[in-house]
file protein14.txt (compact mmCIF, C-alpha atoms and all ligand atoms)
# COMPACT_ATOMS: atom_id res chain seq x y z
CA MET A 1 3.84 -28.75 -9.39
CA LYS A 2 2.74 -25.18 -10.08
CA LYS A 3 4.59 -23.42 -12.91
CA VAL A 4 5.47 -19.91 -11.81
CA LEU A 5 7.13 -17.12 -13.81
CA LEU A 6 8.61 -14.04 -12.15
CA ILE A 7 9.31 -11.22 -14.60
CA GLY A 8 11.90 -9.03 -12.85
CA GLY A 9 12.34 -11.93 -10.43
CA ALA A 10 16.05 -11.36 -9.72
CA GLY A 11 15.33 -8.07 -7.94
CA PHE A 12 14.73 -7.38 -4.28
CA ILE A 13 11.12 -8.51 -3.89
CA GLY A 14 11.22 -11.10 -6.69
CA LEU A 15 14.09 -13.10 -5.28
CA ASN A 16 12.47 -13.12 -1.86
CA ILE A 17 9.28 -14.47 -3.44
CA CYS A 18 11.40 -17.22 -5.07
CA LYS A 19 12.90 -18.07 -1.69
CA HIS A 20 9.46 -18.19 -0.07
CA LEU A 21 8.03 -20.43 -2.81
CA GLY A 22 11.15 -22.62 -2.76
CA GLU A 23 10.83 -23.17 0.98
CA LYS A 24 7.11 -23.89 0.66
CA GLY A 25 7.74 -26.45 -2.10
CA GLY A 26 5.63 -27.58 -5.04
CA TYR A 27 6.72 -24.87 -7.49
CA LYS A 28 8.70 -24.96 -10.75
CA ILE A 29 10.04 -21.42 -10.91
CA THR A 30 11.29 -19.37 -13.88
CA ILE A 31 12.94 -15.97 -13.43
CA LEU A 32 13.10 -13.61 -16.43
CA ASP A 33 15.28 -10.55 -15.81
CA ASN A 34 17.72 -8.34 -17.71
CA PHE A 35 19.87 -7.86 -14.57
CA PHE A 36 19.63 -4.11 -14.83
CA ARG A 37 19.12 -4.14 -11.07
CA GLY A 38 18.87 -7.79 -10.09
CA LYS A 39 22.24 -9.42 -9.44
CA LYS A 40 23.67 -12.83 -10.28
CA ASP A 41 25.17 -13.00 -6.80
CA GLU A 42 25.63 -15.81 -4.29
CA VAL A 43 22.06 -15.27 -2.99
CA LEU A 44 20.61 -16.01 -6.42
CA THR A 45 22.94 -18.93 -7.18
CA GLY A 46 22.30 -20.34 -3.69
CA LEU A 47 18.55 -20.44 -4.41
CA VAL A 48 19.07 -21.89 -7.89
CA ASP A 49 21.21 -24.69 -6.42
CA LYS A 50 18.65 -25.45 -3.73
CA TYR A 51 15.29 -25.19 -5.50
CA ASP A 52 13.71 -25.84 -8.90
CA ILE A 53 14.58 -22.43 -10.41
CA GLU A 54 15.48 -21.61 -14.01
CA VAL A 55 17.03 -18.20 -14.75
CA LEU A 56 16.49 -16.59 -18.16
CA THR A 57 18.12 -13.35 -19.24
CA GLY A 58 16.12 -11.02 -21.43
CA ASP A 59 15.24 -7.37 -21.83
CA CYS A 60 11.46 -7.16 -21.66
CA THR A 61 11.44 -3.85 -23.53
CA THR A 62 11.89 -6.07 -26.60
CA PRO A 63 9.18 -8.61 -27.52
CA GLN A 64 11.90 -11.21 -28.35
CA ALA A 65 12.68 -11.58 -24.62
CA PHE A 66 9.41 -13.50 -24.31
CA ASP A 67 10.26 -16.00 -27.09
CA GLN A 68 12.35 -18.09 -24.67
CA LEU A 69 9.42 -18.62 -22.28
CA ALA A 70 7.09 -21.61 -22.11
CA LYS A 71 3.57 -21.10 -23.44
CA ASP A 72 1.84 -21.89 -20.17
CA TYR A 73 2.26 -20.82 -16.54
CA ASP A 74 -0.10 -21.14 -13.61
CA ASN A 75 1.10 -17.90 -12.03
CA VAL A 76 2.99 -14.88 -13.34
CA TYR A 77 4.38 -12.24 -10.97
CA MET A 78 5.05 -9.00 -12.89
CA LEU A 79 7.80 -7.22 -10.94
CA ALA A 80 10.01 -5.78 -13.69
CA SER A 81 10.30 -2.03 -13.56
CA VAL A 82 12.79 0.76 -13.22
CA VAL A 83 12.34 1.62 -9.54
CA GLY A 84 13.58 4.47 -7.36
CA VAL A 85 13.26 8.22 -6.98
CA GLU A 86 16.80 8.78 -8.23
CA TYR A 87 16.00 7.36 -11.68
CA THR A 88 12.92 9.59 -11.94
CA GLN A 89 15.20 12.59 -11.44
CA LYS A 90 18.10 11.44 -13.62
CA ILE A 91 16.46 9.63 -16.54
CA PRO A 92 12.69 10.34 -16.46
CA GLU A 93 12.34 9.92 -20.26
CA GLU A 94 14.11 6.53 -20.15
CA LEU A 95 12.00 5.44 -17.19
CA ILE A 96 8.85 6.21 -19.22
CA ARG A 97 10.19 4.29 -22.23
CA ILE A 98 11.36 1.23 -20.27
CA ASN A 99 8.41 0.85 -17.92
CA THR A 100 5.87 1.44 -20.68
CA ALA A 101 7.56 -0.99 -23.09
CA LEU A 102 7.91 -3.79 -20.57
CA ILE A 103 4.29 -3.47 -19.47
CA PHE A 104 3.09 -3.41 -23.08
CA ASN A 105 5.24 -6.38 -24.16
CA THR A 106 4.14 -8.44 -21.16
CA LEU A 107 0.49 -7.73 -21.93
CA GLU A 108 0.91 -8.63 -25.60
CA TRP A 109 2.69 -11.87 -24.64
CA LEU A 110 -0.18 -12.70 -22.24
CA LYS A 111 -2.61 -12.53 -25.18
CA THR A 112 -0.90 -15.52 -26.77
CA ALA A 113 0.22 -17.47 -23.68
CA SER A 114 -1.89 -19.69 -21.49
CA VAL A 115 -1.62 -18.15 -18.02
CA GLY A 116 -3.86 -18.77 -15.02
CA LYS A 117 -3.24 -15.64 -12.98
CA VAL A 118 -1.02 -12.55 -12.94
CA VAL A 119 -0.11 -10.31 -10.02
CA PHE A 120 0.94 -6.83 -11.14
CA THR A 121 3.04 -4.91 -8.62
CA SER A 122 2.06 -1.26 -8.22
CA THR A 123 2.83 1.44 -5.71
CA SER A 124 1.45 3.89 -3.16
CA GLU A 125 3.03 6.62 -5.35
CA CYS A 126 -0.11 6.32 -7.53
CA TYR A 127 -2.09 8.22 -4.92
CA ALA A 128 0.63 10.51 -3.56
CA GLY A 129 -1.09 13.53 -5.14
CA THR A 130 -4.50 12.58 -3.80
CA ILE A 131 -3.37 12.89 -0.20
CA GLU A 132 -1.50 16.15 -0.79
CA GLN A 133 -4.16 17.88 -2.92
CA PHE A 134 -7.44 16.55 -1.60
CA GLY A 135 -6.68 15.56 1.97
CA TYR A 136 -7.95 11.98 1.69
CA THR A 137 -7.92 9.70 4.72
CA VAL A 138 -4.67 8.33 6.08
CA PRO A 139 -4.47 5.30 6.57
CA THR A 140 -5.54 5.18 2.93
CA PRO A 141 -7.78 2.47 1.44
CA GLU A 142 -7.65 1.06 -2.12
CA GLU A 143 -10.70 3.00 -3.37
CA VAL A 144 -8.94 6.36 -3.15
CA PRO A 145 -8.80 8.07 -6.60
CA LEU A 146 -5.33 7.89 -8.12
CA CYS A 147 -3.73 11.26 -8.69
CA ILE A 148 -0.35 12.88 -9.16
CA ASP A 149 0.48 16.36 -7.95
CA ASP A 150 2.26 17.86 -10.92
CA ILE A 151 2.47 16.25 -14.36
CA LYS A 152 5.63 18.28 -15.12
CA HIS A 153 7.56 16.95 -12.12
CA PRO A 154 9.88 14.06 -13.13
CA ARG A 155 9.23 12.24 -9.84
CA PHE A 156 5.77 11.28 -11.04
CA THR A 157 6.94 9.52 -14.23
CA TYR A 158 7.13 6.30 -12.18
CA ALA A 159 3.58 6.65 -10.82
CA VAL A 160 2.24 7.41 -14.30
CA THR A 161 3.67 4.14 -15.65
CA LYS A 162 2.28 2.19 -12.69
CA MET A 163 -1.20 3.65 -13.30
CA LEU A 164 -0.87 2.53 -16.92
CA GLY A 165 0.07 -0.94 -15.65
CA GLU A 166 -2.87 -1.20 -13.26
CA SER A 167 -5.32 -0.24 -15.97
CA GLY A 168 -3.57 -2.34 -18.65
CA PHE A 169 -3.44 -5.55 -16.64
CA ILE A 170 -7.05 -5.25 -15.51
CA GLN A 171 -8.38 -4.56 -19.02
CA TYR A 172 -6.25 -7.21 -20.79
CA SER A 173 -7.21 -9.82 -18.19
CA LYS A 174 -10.88 -9.23 -18.95
CA ALA A 175 -10.32 -9.31 -22.70
CA TYR A 176 -7.85 -12.22 -22.91
CA ASN A 177 -8.99 -14.72 -20.34
CA PHE A 178 -6.50 -14.66 -17.48
CA GLU A 179 -7.02 -13.62 -13.87
CA CYS A 180 -5.28 -10.57 -12.49
CA THR A 181 -4.78 -9.03 -9.08
CA ILE A 182 -2.95 -5.79 -8.30
CA VAL A 183 -0.83 -5.25 -5.19
CA ARG A 184 0.19 -1.73 -4.22
CA TYR A 185 3.33 -1.84 -2.08
CA HIS A 186 4.16 0.73 0.59
CA ASN A 187 7.88 1.22 1.35
CA VAL A 188 9.11 -2.36 1.38
CA TYR A 189 12.52 -2.75 3.04
CA GLY A 190 14.99 -5.43 4.12
CA PRO A 191 18.46 -6.83 3.41
CA ARG A 192 19.70 -6.74 -0.22
CA MET A 193 17.23 -4.04 -1.32
CA GLY A 194 19.98 -2.12 -3.13
CA PHE A 195 21.49 1.19 -2.06
CA LYS A 196 18.86 3.56 -3.41
CA HIS A 197 16.63 3.39 -0.35
CA VAL A 198 16.58 5.53 2.77
CA ILE A 199 17.89 2.85 5.19
CA PRO A 200 21.10 1.89 3.31
CA GLN A 201 21.77 5.53 2.49
CA VAL A 202 21.47 6.51 6.16
CA VAL A 203 23.80 3.62 7.16
CA GLN A 204 26.39 4.87 4.65
CA ARG A 205 26.12 8.43 5.97
CA TYR A 206 26.57 7.28 9.58
CA LEU A 207 29.60 5.22 8.55
CA ALA A 208 30.99 8.34 6.82
CA ASN A 209 30.70 10.16 10.20
CA GLU A 210 28.32 12.90 9.00
CA ASN A 211 27.93 15.44 11.80
CA PRO A 212 25.65 17.28 12.26
CA PHE A 213 23.53 14.53 10.80
CA LYS A 214 20.91 15.96 8.43
CA LEU A 215 17.35 14.72 8.96
CA TYR A 216 15.80 15.24 5.51
CA GLY A 217 12.00 15.29 5.74
CA HIS A 218 12.27 14.60 9.48
CA ASP A 219 8.55 15.17 10.19
CA GLN A 220 7.23 13.18 7.21
CA THR A 221 5.73 9.81 8.07
CA ARG A 222 6.10 6.44 6.39
CA SER A 223 4.95 2.91 7.24
CA PHE A 224 7.83 0.61 6.43
CA ASN A 225 6.86 -2.90 5.39
CA TYR A 226 9.41 -5.61 6.12
CA ILE A 227 10.22 -7.81 3.12
CA ASP A 228 8.95 -11.08 4.66
CA ASP A 229 5.55 -9.49 5.29
CA ALA A 230 5.41 -7.96 1.78
CA VAL A 231 6.25 -11.35 0.25
CA SER A 232 3.60 -13.12 2.29
CA GLY A 233 0.98 -10.52 1.19
CA THR A 234 1.99 -10.88 -2.47
CA VAL A 235 1.81 -14.67 -2.49
CA LEU A 236 -1.55 -14.55 -0.67
CA ALA A 237 -2.84 -12.12 -3.32
CA MET A 238 -1.76 -14.60 -5.99
CA GLU A 239 -3.08 -17.72 -4.30
CA THR A 240 -6.31 -16.62 -2.63
CA GLU A 241 -9.36 -17.68 -4.64
CA ASN A 242 -11.90 -15.16 -5.92
CA THR A 243 -9.54 -12.18 -5.99
CA ASN A 244 -9.63 -11.65 -9.75
CA GLY A 245 -9.76 -7.94 -10.62
CA GLU A 246 -9.09 -6.89 -7.02
CA ILE A 247 -6.54 -4.35 -5.78
CA PHE A 248 -4.83 -4.79 -2.40
CA HIS A 249 -2.73 -2.38 -0.39
CA ILE A 250 0.22 -4.36 0.97
CA GLY A 251 2.01 -2.53 3.73
CA ASP A 252 2.16 -2.17 7.47
CA ASP A 253 -0.68 -0.26 9.11
CA VAL A 254 0.73 -0.39 12.64
CA ALA A 255 4.19 1.01 11.92
CA GLU A 256 3.65 4.63 10.85
CA ILE A 257 6.72 6.52 12.05
CA THR A 258 8.42 9.81 11.20
CA ILE A 259 11.64 9.80 9.20
CA GLY A 260 13.19 11.56 12.20
CA GLU A 261 12.26 8.64 14.48
CA LEU A 262 13.67 6.13 12.00
CA VAL A 263 16.99 7.93 11.55
CA ARG A 264 17.47 8.62 15.27
CA TYR A 265 16.76 4.96 16.08
CA MET A 266 19.37 3.93 13.51
CA GLY A 267 21.74 6.45 15.12
CA GLU A 268 21.20 4.78 18.52
CA LEU A 269 22.00 1.39 17.00
CA MET A 270 25.17 2.83 15.47
CA ASP A 271 26.14 4.59 18.68
CA PHE A 272 26.01 8.07 17.10
CA LYS A 273 26.81 10.76 19.66
CA GLY A 274 26.74 13.85 17.41
CA GLU A 275 24.11 16.51 16.60
CA TYR A 276 21.02 16.28 14.40
CA GLU A 277 19.91 18.97 11.96
CA PRO A 278 16.30 18.84 10.65
CA VAL A 279 16.14 19.70 6.90
CA GLU A 280 13.24 20.20 4.45
CA ALA A 281 12.23 17.11 2.45
CA HIS A 282 13.08 16.75 -1.26
CA SER A 283 10.37 18.28 -3.48
CA GLY A 284 7.50 16.01 -4.54
CA SER A 285 7.92 13.87 -1.43
CA VAL A 286 4.56 13.09 0.21
CA SER A 287 4.19 14.35 3.81
CA ARG A 288 2.28 11.39 5.23
CA ARG A 289 1.85 7.82 4.02
CA CYS A 290 0.20 4.88 5.70
CA PRO A 291 -1.91 2.21 4.00
CA ASP A 292 -5.23 0.90 5.17
CA VAL A 293 -4.65 -2.85 4.83
CA SER A 294 -7.95 -3.97 6.31
CA LYS A 295 -9.08 -5.37 2.93
CA ALA A 296 -5.93 -7.54 2.67
CA ARG A 297 -6.36 -8.61 6.30
CA ARG A 298 -10.01 -9.56 5.70
CA VAL A 299 -9.85 -11.14 2.24
CA LEU A 300 -6.30 -12.57 2.17
CA SER A 301 -5.75 -13.19 5.90
CA TYR A 302 -2.66 -10.98 5.46
CA SER A 303 -1.07 -10.08 8.75
CA PRO A 304 2.22 -8.10 8.84
CA LYS A 305 4.20 -9.46 11.78
CA THR A 306 7.57 -7.73 11.89
CA ASP A 307 8.01 -4.99 14.48
CA TRP A 308 9.64 -2.02 12.70
CA LYS A 309 12.52 -1.75 15.19
CA GLU A 310 13.33 -5.43 14.75
CA GLY A 311 13.16 -5.19 10.93
CA VAL A 312 15.28 -2.02 10.82
CA LYS A 313 17.89 -3.59 13.13
CA THR A 314 18.16 -6.73 10.95
CA THR A 315 18.44 -4.60 7.81
CA LEU A 316 20.99 -2.19 9.29
CA GLU A 317 23.19 -5.05 10.52
CA TRP A 318 23.08 -6.67 7.08
CA TYR A 319 24.21 -3.41 5.43
CA ILE A 320 26.99 -2.77 7.94
CA ASP A 321 28.36 -6.30 7.39
CA TYR A 322 28.04 -5.93 3.63
CA LEU A 323 29.84 -2.56 3.54
CA LYS A 324 32.56 -3.67 5.94
CA SER A 325 33.24 -6.75 3.79
CA GLY A 326 34.44 -4.36 1.06
CA LYS A 327 31.94 -5.60 -1.54
CA ASP A 328 30.64 -3.18 -4.21
CA VAL A 329 27.74 -0.88 -3.51
CA PHE A 330 25.04 -2.00 -5.95
CA GLU A 331 21.98 -0.27 -7.40
N1 LIG B 401 10.48 -2.01 -3.10
C1 LIG B 401 9.43 -1.23 -2.85
O1 LIG B 401 9.31 -0.61 -1.78
C2 LIG B 401 8.34 -1.08 -3.88
C3 LIG B 401 7.32 -0.15 -3.63
C4 LIG B 401 6.31 0.00 -4.56
C5 LIG B 401 6.30 -0.78 -5.71
N2 LIG B 401 7.30 -1.66 -5.95
C6 LIG B 401 7.27 -2.43 -7.21
O2 LIG B 401 7.54 -3.80 -6.96
C7 LIG B 401 8.31 -4.35 -8.04
C8 LIG B 401 9.56 -5.00 -7.50
O3 LIG B 401 10.31 -4.02 -6.80
P1 LIG B 401 11.77 -4.29 -6.25
O4 LIG B 401 11.95 -3.43 -5.07
O5 LIG B 401 12.01 -5.74 -6.17
O6 LIG B 401 12.63 -3.64 -7.42
P2 LIG B 401 13.97 -4.18 -8.11
O7 LIG B 401 14.51 -3.05 -8.91
O8 LIG B 401 14.86 -4.80 -7.11
O9 LIG B 401 13.42 -5.33 -9.07
C9 LIG B 401 12.96 -5.06 -10.38
C10 LIG B 401 13.62 -6.05 -11.32
O10 LIG B 401 13.19 -5.75 -12.66
C11 LIG B 401 14.31 -5.97 -13.50
N3 LIG B 401 14.13 -5.24 -14.76
C12 LIG B 401 14.19 -3.90 -14.96
N4 LIG B 401 14.07 -3.62 -16.26
C13 LIG B 401 13.90 -4.81 -16.91
C14 LIG B 401 13.75 -5.17 -18.27
N5 LIG B 401 13.75 -4.25 -19.25
N6 LIG B 401 13.63 -6.48 -18.57
C15 LIG B 401 13.67 -7.43 -17.61
N7 LIG B 401 13.82 -7.15 -16.29
C16 LIG B 401 13.95 -5.85 -15.95
C17 LIG B 401 15.51 -5.47 -12.70
O11 LIG B 401 16.74 -5.98 -13.17
C18 LIG B 401 15.16 -5.94 -11.31
O12 LIG B 401 15.74 -7.20 -11.03
C19 LIG B 401 8.58 -3.21 -9.01
O13 LIG B 401 7.69 -3.27 -10.08
C20 LIG B 401 8.33 -1.97 -8.17
O14 LIG B 401 7.87 -0.90 -8.97
C21 LIG B 401 8.32 -1.84 -5.06
call {"tool": "encode", "arguments": {"input": "protein14.txt", "output": "structure tokens", "more": "lines below"}}
Ligand SMILES: NC(=O)c1ccc[n+]([C@@H]2O[C@H](COP(=O)([O-])OP(=O)(O)OC[C@H]3O[C@@H](n4cnc5c(N)ncnc54)[C@H](O)[C@@H]3O)[C@@H](O)[C@H]2O)c1
result
Amino acid sequence: MKKVLLIGGAGFIGLNICKHLGEKGGYKITILDNFFRGKKDEVLTGLVDKYDIEVLTGDCTTPQAFDQLAKDYDNVYMLASVVGVEYTQKIPEELIRINTALIFNTLEWLKTASVGKVVFTSTSECYAGTIEQFGYTVPTPEEVPLCIDDIKHPRFTYAVTKMLGESGFIQYSKAYNFECTIVRYHNVYGPRMGFKHVIPQVVQRYLANENPFKLYGHDQTRSFNYIDDAVSGTVLAMETENTNGEIFHIGDDVAEITIGELVRYMGELMDFKGEYEPVEAHSGSVSRRCPDVSKARRVLSYSPKTDWKEGVKTTLEWYIDYLKSGKDVFE
């Protein structure tokens, strides 16, 4: 039995990792979360009933949250974070405080605990400025220098804390005898990802009969990475030998599409017959993003499998059912 801890494990990606490990078998899983975003819903309780999962509640911005943990874990997935562009705009100072404190407290706890390996979850936002300012290659490999466009822009508070995390986890792992691998996600999507992402927001706007339908950032590109593929890449990064100190881009390198294409496809699925109106993107939004995942393919045997149209259709149907059931919109 491998002992696995997921900090921030009740969230979108964390709970899907729990499901994946539960199905695989051979894991004793602990989730530590403050339920700021994660939900104690029927999905979580269903997994707890089915697999060996313990759920602990604690706010990792306080060191006491870690007192309830065991002293030893084979694997620790560090997923806790305040996530989402909206928070960077509304509460940038809080985002800095929370993300910095939970990274720092996790690192200090790791000094005293006996942990085999940690995966720290980072983001493509860490190099958003590099592409815009210096015209680096797209698809973008891991070696690209990390850079933000404008230190005064609140959007980049999130990327700044993730850069701190990447550096912090790598340096602490060298100093305090645990292994560490970084994964940088690129637009992960799927059912139950919350309502602060482009897909659920577009579903809500179609259901509200917006017409003409505004295509914000219509010509910008993204490579959406379906949740099952992102989970498989993350677990491979954790479990593949000889990946200590390595950074992997986890994303989908075959699915680069424009936001216009995505929204129009969703419109087709929802039988939208109205007009479209292209609109400028929100400021700070990167014009093109696509990861080079050849390193993950080569070293981890990572292979994203979900066709974007299939993944978007599954996600859209989940959101329509959820909204029509009258349940609350959640963060
Ligand atoms: N979803 C994506 O596309 C994406 C892209 C890039 C990076 N990431 C990173 O991957 C990780 C997981 O992302 P996600 O989409 O599952 O986000 P999420 O918001 O669904 O999950 C994060 C979890 O952290 C928990 N959390 C927040 N503050 C906490 C605190 N003080 N103490 C304890 N728990 C706390 C939340 O309650 C939530 O359950 C995050 O670190 C995120 O930055 C995600």
call {"tool": "closest_residue", "arguments": {"input": "protein14.txt", "among": "A:Glu23, A:Asp33, A:Asp67, A:Glu310", "to": "ligand LIG 401 (chain B)", "atoms": "only C-alpha atoms and all ligand atoms"}}
result
A:Asp33
call {"tool": "residues_near_ligand", "arguments": {"input": "protein14.txt", "ligand": "ligand LIG 401 (chain B)", "cutoff": "9 Å", "atoms": "all atoms listed in the file", "output": "PDB file with C-alpha atoms, in the coordinates of the input"}}
result
ATOM      1  CA  ILE A   7       9.310 -11.220 -14.600  1.00  0.00           C
ATOM      2  CA  GLY A   8      11.900  -9.030 -12.850  1.00  0.00           C
ATOM      3  CA  GLY A   9      12.340 -11.930 -10.430  1.00  0.00           C
ATOM      4  CA  ALA A  10      16.050 -11.360  -9.720  1.00  0.00           C
ATOM      5  CA  GLY A  11      15.330  -8.070  -7.940  1.00  0.00           C
ATOM      6  CA  PHE A  12      14.730  -7.380  -4.280  1.00  0.00           C
ATOM      7  CA  ILE A  13      11.120  -8.510  -3.890  1.00  0.00           C
ATOM      8  CA  GLY A  14      11.220 -11.100  -6.690  1.00  0.00           C
ATOM      9  CA  LEU A  15      14.090 -13.100  -5.280  1.00  0.00           C
ATOM     10  CA  ASN A  16      12.470 -13.120  -1.860  1.00  0.00           C
ATOM     11  CA  LEU A  32      13.100 -13.610 -16.430  1.00  0.00           C
ATOM     12  CA  ASP A  33      15.280 -10.550 -15.810  1.00  0.00           C
ATOM     13  CA  ASN A  34      17.720  -8.340 -17.710  1.00  0.00           C
ATOM     14  CA  PHE A  35      19.870  -7.860 -14.570  1.00  0.00           C
ATOM     15  CA  PHE A  36      19.630  -4.110 -14.830  1.00  0.00           C
ATOM     16  CA  ARG A  37      19.120  -4.140 -11.070  1.00  0.00           C
ATOM     17  CA  GLY A  38      18.870  -7.790 -10.090  1.00  0.00           C
ATOM     18  CA  LYS A  39      22.240  -9.420  -9.440  1.00  0.00           C
ATOM     19  CA  THR A  57      18.120 -13.350 -19.240  1.00  0.00           C
ATOM     20  CA  GLY A  58      16.120 -11.020 -21.430  1.00  0.00           C
ATOM     21  CA  ASP A  59      15.240  -7.370 -21.830  1.00  0.00           C
ATOM     22  CA  CYS A  60      11.460  -7.160 -21.660  1.00  0.00           C
ATOM     23  CA  THR A  61      11.440  -3.850 -23.530  1.00  0.00           C
ATOM     24  CA  THR A  62      11.890  -6.070 -26.600  1.00  0.00           C
ATOM     25  CA  ALA A  65      12.680 -11.580 -24.620  1.00  0.00           C
ATOM     26  CA  MET A  78       5.050  -9.000 -12.890  1.00  0.00           C
ATOM     27  CA  LEU A  79       7.800  -7.220 -10.940  1.00  0.00           C
ATOM     28  CA  ALA A  80      10.010  -5.780 -13.690  1.00  0.00           C
ATOM     29  CA  SER A  81      10.300  -2.030 -13.560  1.00  0.00           C
ATOM     30  CA  VAL A  82      12.790   0.760 -13.220  1.00  0.00           C
ATOM     31  CA  VAL A  83      12.340   1.620  -9.540  1.00  0.00           C
ATOM     32  CA  GLY A  84      13.580   4.470  -7.360  1.00  0.00           C
ATOM     33  CA  ILE A  98      11.360   1.230 -20.270  1.00  0.00           C
ATOM     34  CA  ASN A  99       8.410   0.850 -17.920  1.00  0.00           C
ATOM     35  CA  ALA A 101       7.560  -0.990 -23.090  1.00  0.00           C
ATOM     36  CA  LEU A 102       7.910  -3.790 -20.570  1.00  0.00           C
ATOM     37  CA  PHE A 120       0.940  -6.830 -11.140  1.00  0.00           C
ATOM     38  CA  THR A 121       3.040  -4.910  -8.620  1.00  0.00           C
ATOM     39  CA  SER A 122       2.060  -1.260  -8.220  1.00  0.00           C
ATOM     40  CA  THR A 123       2.830   1.440  -5.710  1.00  0.00           C
ATOM     41  CA  SER A 124       1.450   3.890  -3.160  1.00  0.00           C
ATOM     42  CA  GLU A 125       3.030   6.620  -5.350  1.00  0.00           C
ATOM     43  CA  TYR A 158       7.130   6.300 -12.180  1.00  0.00           C
ATOM     44  CA  ALA A 159       3.580   6.650 -10.820  1.00  0.00           C
ATOM     45  CA  LYS A 162       2.280   2.190 -12.690  1.00  0.00           C
ATOM     46  CA  VAL A 183      -0.830  -5.250  -5.190  1.00  0.00           C
ATOM     47  CA  ARG A 184       0.190  -1.730  -4.220  1.00  0.00           C
ATOM     48  CA  TYR A 185       3.330  -1.840  -2.080  1.00  0.00           C
ATOM     49  CA  HIS A 186       4.160   0.730   0.590  1.00  0.00           C
ATOM     50  CA  ASN A 187       7.880   1.220   1.350  1.00  0.00           C
ATOM     51  CA  VAL A 188       9.110  -2.360   1.380  1.00  0.00           C
ATOM     52  CA  TYR A 189      12.520  -2.750   3.040  1.00  0.00           C
ATOM     53  CA  ARG A 192      19.700  -6.740  -0.220  1.00  0.00           C
ATOM     54  CA  MET A 193      17.230  -4.040  -1.320  1.00  0.00           C
ATOM     55  CA  GLY A 194      19.980  -2.120  -3.130  1.00  0.00           C
ATOM     56  CA  HIS A 197      16.630   3.390  -0.350  1.00  0.00           C
ATOM     57  CA  PHE A 224       7.830   0.610   6.430  1.00  0.00           C
ATOM     58  CA  ASN A 225       6.860  -2.900   5.390  1.00  0.00           C
ATOM     59  CA  ILE A 227      10.220  -7.810   3.120  1.00  0.00           C
ATOM     60  CA  GLU A 331      21.980  -0.270  -7.400  1.00  0.00           C
TER      61      GLU A 331
END
call {"tool": "residues_around", "arguments": {"input": "protein14.txt", "residues": "Gly267 in chain A", "least_positions_apart": "5", "cutoff": "10 Å", "atoms": "all atoms listed in the file", "output": "list of chain:residue names"}}
result
A:Val202, A:Val203, A:Tyr206, A:Phe213, A:Glu261, A:Leu262, A:Phe272, A:Lys273, A:Gly274, A:Tyr276
call {"tool": "residues_near_point", "arguments": {"input": "protein14.txt", "point": "(32.3, -0.1, 3.2)", "cutoff": "12 Å", "atoms": "only C-alpha atoms", "output": "ChimeraX atom specification"}}
result
/A:200-201,203-208,318-330
call {"tool": "residues_around", "arguments": {"input": "protein14.txt", "residues": "Tyr73 in chain A", "least_positions_apart": "6", "cutoff": "9 Å", "atoms": "only C-alpha atoms", "output": "CSV table (one decimal) with C-alpha atoms, keeping the file's coordinate frame"}}
result
chain,number,residue,atom,x,y,z
A,2,LYS,CA,2.7,-25.2,-10.1
A,3,LYS,CA,4.6,-23.4,-12.9
A,4,VAL,CA,5.5,-19.9,-11.8
A,5,LEU,CA,7.1,-17.1,-13.8
A,113,ALA,CA,0.2,-17.5,-23.7
A,114,SER,CA,-1.9,-19.7,-21.5
A,115,VAL,CA,-1.6,-18.2,-18.0
A,116,GLY,CA,-3.9,-18.8,-15.0
A,117,LYS,CA,-3.2,-15.6,-13.0
call {"tool": "closest_residue", "arguments": {"input": "protein14.txt", "among": "A:Ile247, A:Val119, A:Leu107, A:Met266", "to": "Val144 in chain A", "atoms": "only C-alpha atoms"}}
result
A:Ile247
